[in-house]
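Next up, run-v4.cif (mmCIF, C-alpha atoms):
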data_final
loop_
_atom_site.group_PDB
_atom_site.id
_atom_site.type_symbol
_atom_site.label_atom_id
_atom_site.label_comp_id
_atom_site.auth_asym_id
_atom_site.auth_seq_id
_atom_site.Cartn_x
_atom_site.Cartn_y
_atom_site.Cartn_z
ATOM 1 C CA MET A 1 14.584 -2.421 -3.719
ATOM 2 C CA PRO A 2 11.392 -0.299 -3.488
ATOM 3 C CA LYS A 3 8.398 -1.212 -1.396
ATOM 4 C CA GLN A 4 5.546 -3.253 -2.887
ATOM 5 C CA LYS A 5 2.548 -1.030 -3.662
ATOM 6 C CA THR A 6 -0.870 -2.154 -2.434
ATOM 7 C CA HIS A 7 -3.184 -3.276 -5.255
ATOM 8 C CA SER A 8 -6.102 -0.822 -5.159
ATOM 9 C CA GLY A 9 -8.687 -3.301 -6.481
ATOM 10 C CA SER A 10 -7.692 -5.903 -3.911
ATOM 11 C CA LYS A 11 -7.823 -3.580 -0.926
ATOM 12 C CA LYS A 12 -11.463 -2.793 -1.796
ATOM 13 C CA ARG A 13 -12.463 -6.455 -2.084
ATOM 14 C CA PHE A 14 -10.574 -8.293 0.660
ATOM 15 C CA LYS A 15 -10.087 -7.896 4.419
ATOM 16 C CA LEU A 16 -7.599 -9.642 6.692
ATOM 17 C CA THR A 17 -8.780 -11.215 9.948
ATOM 18 C CA GLY A 18 -6.783 -11.021 13.155
ATOM 19 C CA THR A 19 -5.371 -14.498 12.566
ATOM 20 C CA GLY A 20 -4.249 -13.620 9.034
ATOM 21 C CA LYS A 21 -7.038 -15.280 7.053
ATOM 22 C CA VAL A 22 -8.454 -13.449 4.044
ATOM 23 C CA ARG A 23 -12.191 -12.708 3.910
ATOM 24 C CA LYS A 24 -14.259 -11.814 0.844
ATOM 25 C CA GLN A 25 -17.878 -11.021 0.046
ATOM 26 C CA GLN A 26 -19.634 -13.795 -1.860
ATOM 27 C CA ALA A 27 -20.944 -13.172 -5.370
ATOM 28 C CA GLY A 28 -24.629 -13.131 -6.238
ATOM 29 C CA MET A 29 -26.098 -10.307 -4.105
ATOM 30 C CA ARG A 30 -26.185 -7.485 -6.672
ATOM 31 C CA HIS A 31 -29.297 -8.103 -8.766
ATOM 32 C CA ASN A 32 -32.244 -10.475 -9.427
ATOM 33 C CA LEU A 33 -32.765 -10.709 -5.669
ATOM 34 C CA GLU A 34 -36.531 -11.167 -5.988
ATOM 35 C CA VAL A 35 -36.067 -14.632 -7.536
ATOM 36 C CA LYS A 36 -33.719 -15.824 -4.766
ATOM 37 C CA SER A 37 -35.056 -17.324 -1.555
ATOM 38 C CA ALA A 38 -34.519 -15.595 1.795
ATOM 39 C CA LYS A 39 -32.416 -18.568 2.907
ATOM 40 C CA ARG A 40 -30.170 -18.236 -0.134
ATOM 41 C CA LYS A 41 -29.798 -14.464 0.293
ATOM 42 C CA ALA A 42 -28.913 -14.874 3.970
ATOM 43 C CA ARG A 43 -26.204 -17.393 3.053
ATOM 44 C CA LEU A 44 -24.800 -15.202 0.263
ATOM 45 C CA ASN A 45 -24.733 -12.105 2.486
ATOM 46 C CA LYS A 46 -22.091 -13.591 4.816
ATOM 47 C CA ASP A 47 -18.363 -13.162 4.257
ATOM 48 C CA GLN A 48 -16.400 -16.184 3.141
ATOM 49 C CA VAL A 49 -12.818 -17.180 4.001
ATOM 50 C CA LEU A 50 -10.532 -17.655 1.015
ATOM 51 C CA ALA A 51 -8.759 -20.958 0.399
ATOM 52 C CA PRO A 52 -5.108 -20.893 1.542
ATOM 53 C CA GLN A 53 -3.854 -21.144 -2.059
ATOM 54 C CA ASP A 54 -5.812 -18.036 -3.088
ATOM 55 C CA ALA A 55 -5.069 -16.215 0.167
ATOM 56 C CA LYS A 56 -1.340 -16.402 -0.550
ATOM 57 C CA VAL A 57 -1.781 -14.484 -3.830
ATOM 58 C CA VAL A 58 -4.146 -11.904 -2.289
ATOM 59 C CA LYS A 59 -1.791 -11.226 0.633
ATOM 60 C CA LYS A 60 0.970 -10.472 -1.858
ATOM 61 C CA LEU A 61 -1.321 -7.984 -3.635
ATOM 62 C CA LEU A 62 -2.185 -6.365 -0.306
ATOM 63 C CA GLY A 63 1.506 -5.989 0.504
ATOM 64 C CA LYS A 64 1.402 -8.310 3.537
#
Using structure tokens, write down the structure from this file.
Amino acid sequence: MPKQKTHSGSKKRFKLTGTGKVRKQQAGMRHNLEVKSAKRKARLNKDQVLAPQDAKVVKKLLGK
């Protein structure tokens, strides 16, 4: 059986941590930034860890 190919869209959007968790950038930092508070922008600018149920699907797409 051939190897699983890495999903190109997923490899651009997700990163794996050393412990195997999946990290993603939060939505909402692309436009209309002048109406958002500095506190909100600081919170949105941090990476977020995916829920285990979603991480399982993403790891499969990444070929892990």
Q: Kindly resolve the PyMOL selection byres ((chain A and resi 39-51) around 8) on the present coordinates and return the residues as a PyMOL selection string.
A: chain A and resi 21-29+33+36-38+52-55
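Neighbours of Gly9 in chain A closer than or equal to 12 Å, with only C-alpha atoms counted and sequence neighbours fewer than 4 positions away skipped, come out as Lys5, Arg13, Phe14, Lys15, Val58, Leu61 and Leu62 of chain A.
Interatomic distance, CA of Ser8 in chain A against CA of Gly63 in chain A: 10.8 Å.
Note that CA of Pro2 in chain A and CA of Gly18 in chain A are 26.9 Å apart.
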Q) What gap, in Å, lies between CA of Gly20 in chain A and CA of Lys59 in chain A? A) 9.1 Å
Missing atoms in range 11-31 of chain A should be modelled up to N, CA, C and O atoms and reported as a PDB file, in the coordinates of the input.
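selection-v5.pdb written:
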ATOM      1  N   LYS A  11      -7.564  -4.149  -2.250  1.00  0.00           N
ATOM      2  CA  LYS A  11      -7.823  -3.580  -0.926  1.00  0.00           C
ATOM      3  C   LYS A  11      -9.298  -3.244  -0.744  1.00  0.00           C
ATOM      4  O   LYS A  11      -9.794  -3.174   0.372  1.00  0.00           O
ATOM      5  N   LYS A  12     -10.025  -3.045  -1.865  1.00  0.00           N
ATOM      6  CA  LYS A  12     -11.463  -2.793  -1.796  1.00  0.00           C
ATOM      7  C   LYS A  12     -12.271  -4.076  -1.635  1.00  0.00           C
ATOM      8  O   LYS A  12     -13.405  -4.044  -1.176  1.00  0.00           O
ATOM      9  N   ARG A  13     -11.714  -5.201  -2.047  1.00  0.00           N
ATOM     10  CA  ARG A  13     -12.463  -6.455  -2.084  1.00  0.00           C
ATOM     11  C   ARG A  13     -12.156  -7.435  -0.950  1.00  0.00           C
ATOM     12  O   ARG A  13     -12.965  -8.325  -0.677  1.00  0.00           O
ATOM     13  N   PHE A  14     -10.999  -7.312  -0.341  1.00  0.00           N
ATOM     14  CA  PHE A  14     -10.574  -8.293   0.660  1.00  0.00           C
ATOM     15  C   PHE A  14     -10.229  -7.630   1.980  1.00  0.00           C
ATOM     16  O   PHE A  14      -9.747  -6.494   2.005  1.00  0.00           O
ATOM     17  N   LYS A  15     -10.464  -8.364   3.079  1.00  0.00           N
ATOM     18  CA  LYS A  15     -10.087  -7.896   4.419  1.00  0.00           C
ATOM     19  C   LYS A  15      -9.315  -9.023   5.102  1.00  0.00           C
ATOM     20  O   LYS A  15      -9.617 -10.203   4.903  1.00  0.00           O
ATOM     21  N   LEU A  16      -8.351  -8.651   5.927  1.00  0.00           N
ATOM     22  CA  LEU A  16      -7.599  -9.642   6.692  1.00  0.00           C
ATOM     23  C   LEU A  16      -8.194  -9.759   8.086  1.00  0.00           C
ATOM     24  O   LEU A  16      -8.542  -8.747   8.709  1.00  0.00           O
ATOM     25  N   THR A  17      -8.322 -10.996   8.580  1.00  0.00           N
ATOM     26  CA  THR A  17      -8.780 -11.215   9.948  1.00  0.00           C
ATOM     27  C   THR A  17      -7.584 -11.086  10.886  1.00  0.00           C
ATOM     28  O   THR A  17      -6.441 -10.968  10.436  1.00  0.00           O
ATOM     29  N   GLY A  18      -7.849 -11.133  12.171  1.00  0.00           N
ATOM     30  CA  GLY A  18      -6.783 -11.021  13.155  1.00  0.00           C
ATOM     31  C   GLY A  18      -5.782 -12.159  13.090  1.00  0.00           C
ATOM     32  O   GLY A  18      -4.613 -11.992  13.411  1.00  0.00           O
ATOM     33  N   THR A  19      -6.258 -13.331  12.651  1.00  0.00           N
ATOM     34  CA  THR A  19      -5.371 -14.498  12.566  1.00  0.00           C
ATOM     35  C   THR A  19      -4.663 -14.594  11.222  1.00  0.00           C
ATOM     36  O   THR A  19      -3.917 -15.538  10.982  1.00  0.00           O
ATOM     37  N   GLY A  20      -4.945 -13.631  10.319  1.00  0.00           N
ATOM     38  CA  GLY A  20      -4.249 -13.620   9.034  1.00  0.00           C
ATOM     39  C   GLY A  20      -4.994 -14.267   7.896  1.00  0.00           C
ATOM     40  O   GLY A  20      -4.474 -14.376   6.784  1.00  0.00           O
ATOM     41  N   LYS A  21      -6.240 -14.710   8.138  1.00  0.00           N
ATOM     42  CA  LYS A  21      -7.038 -15.280   7.053  1.00  0.00           C
ATOM     43  C   LYS A  21      -7.596 -14.141   6.205  1.00  0.00           C
ATOM     44  O   LYS A  21      -7.714 -13.015   6.671  1.00  0.00           O
ATOM     45  N   VAL A  22      -7.926 -14.465   4.954  1.00  0.00           N
ATOM     46  CA  VAL A  22      -8.454 -13.449   4.044  1.00  0.00           C
ATOM     47  C   VAL A  22      -9.949 -13.688   3.855  1.00  0.00           C
ATOM     48  O   VAL A  22     -10.369 -14.791   3.533  1.00  0.00           O
ATOM     49  N   ARG A  23     -10.743 -12.618   4.059  1.00  0.00           N
ATOM     50  CA  ARG A  23     -12.191 -12.708   3.910  1.00  0.00           C
ATOM     51  C   ARG A  23     -12.623 -11.960   2.659  1.00  0.00           C
ATOM     52  O   ARG A  23     -12.032 -10.949   2.292  1.00  0.00           O
ATOM     53  N   LYS A  24     -13.702 -12.479   2.025  1.00  0.00           N
ATOM     54  CA  LYS A  24     -14.259 -11.814   0.844  1.00  0.00           C
ATOM     55  C   LYS A  24     -15.767 -11.906   0.879  1.00  0.00           C
ATOM     56  O   LYS A  24     -16.329 -12.785   1.541  1.00  0.00           O
ATOM     57  N   GLN A  25     -16.429 -10.981   0.175  1.00  0.00           N
ATOM     58  CA  GLN A  25     -17.878 -11.021   0.046  1.00  0.00           C
ATOM     59  C   GLN A  25     -18.220 -12.003  -1.073  1.00  0.00           C
ATOM     60  O   GLN A  25     -17.567 -12.001  -2.121  1.00  0.00           O
ATOM     61  N   GLN A  26     -19.238 -12.824  -0.845  1.00  0.00           N
ATOM     62  CA  GLN A  26     -19.634 -13.795  -1.860  1.00  0.00           C
ATOM     63  C   GLN A  26     -20.356 -13.108  -3.013  1.00  0.00           C
ATOM     64  O   GLN A  26     -20.992 -12.069  -2.844  1.00  0.00           O
ATOM     65  N   ALA A  27     -20.267 -13.697  -4.184  1.00  0.00           N
ATOM     66  CA  ALA A  27     -20.944 -13.172  -5.370  1.00  0.00           C
ATOM     67  C   ALA A  27     -22.424 -13.535  -5.332  1.00  0.00           C
ATOM     68  O   ALA A  27     -22.826 -14.477  -4.655  1.00  0.00           O
ATOM     69  N   GLY A  28     -23.230 -12.776  -6.066  1.00  0.00           N
ATOM     70  CA  GLY A  28     -24.629 -13.131  -6.238  1.00  0.00           C
ATOM     71  C   GLY A  28     -25.619 -12.290  -5.453  1.00  0.00           C
ATOM     72  O   GLY A  28     -26.783 -12.661  -5.347  1.00  0.00           O
ATOM     73  N   MET A  29     -25.178 -11.139  -4.888  1.00  0.00           N
ATOM     74  CA  MET A  29     -26.098 -10.307  -4.105  1.00  0.00           C
ATOM     75  C   MET A  29     -26.288  -8.919  -4.728  1.00  0.00           C
ATOM     76  O   MET A  29     -26.632  -7.963  -4.033  1.00  0.00           O
ATOM     77  N   ARG A  30     -26.079  -8.793  -6.024  1.00  0.00           N
ATOM     78  CA  ARG A  30     -26.185  -7.485  -6.672  1.00  0.00           C
ATOM     79  C   ARG A  30     -27.529  -7.263  -7.368  1.00  0.00           C
ATOM     80  O   ARG A  30     -28.054  -6.167  -7.361  1.00  0.00           O
ATOM     81  N   HIS A  31     -28.046  -8.291  -8.018  1.00  0.00           N
ATOM     82  CA  HIS A  31     -29.297  -8.103  -8.766  1.00  0.00           C
ATOM     83  C   HIS A  31     -30.082  -9.408  -8.811  1.00  0.00           C
ATOM     84  O   HIS A  31     -29.606 -10.448  -8.358  1.00  0.00           O
TER      85      HIS A  31
END
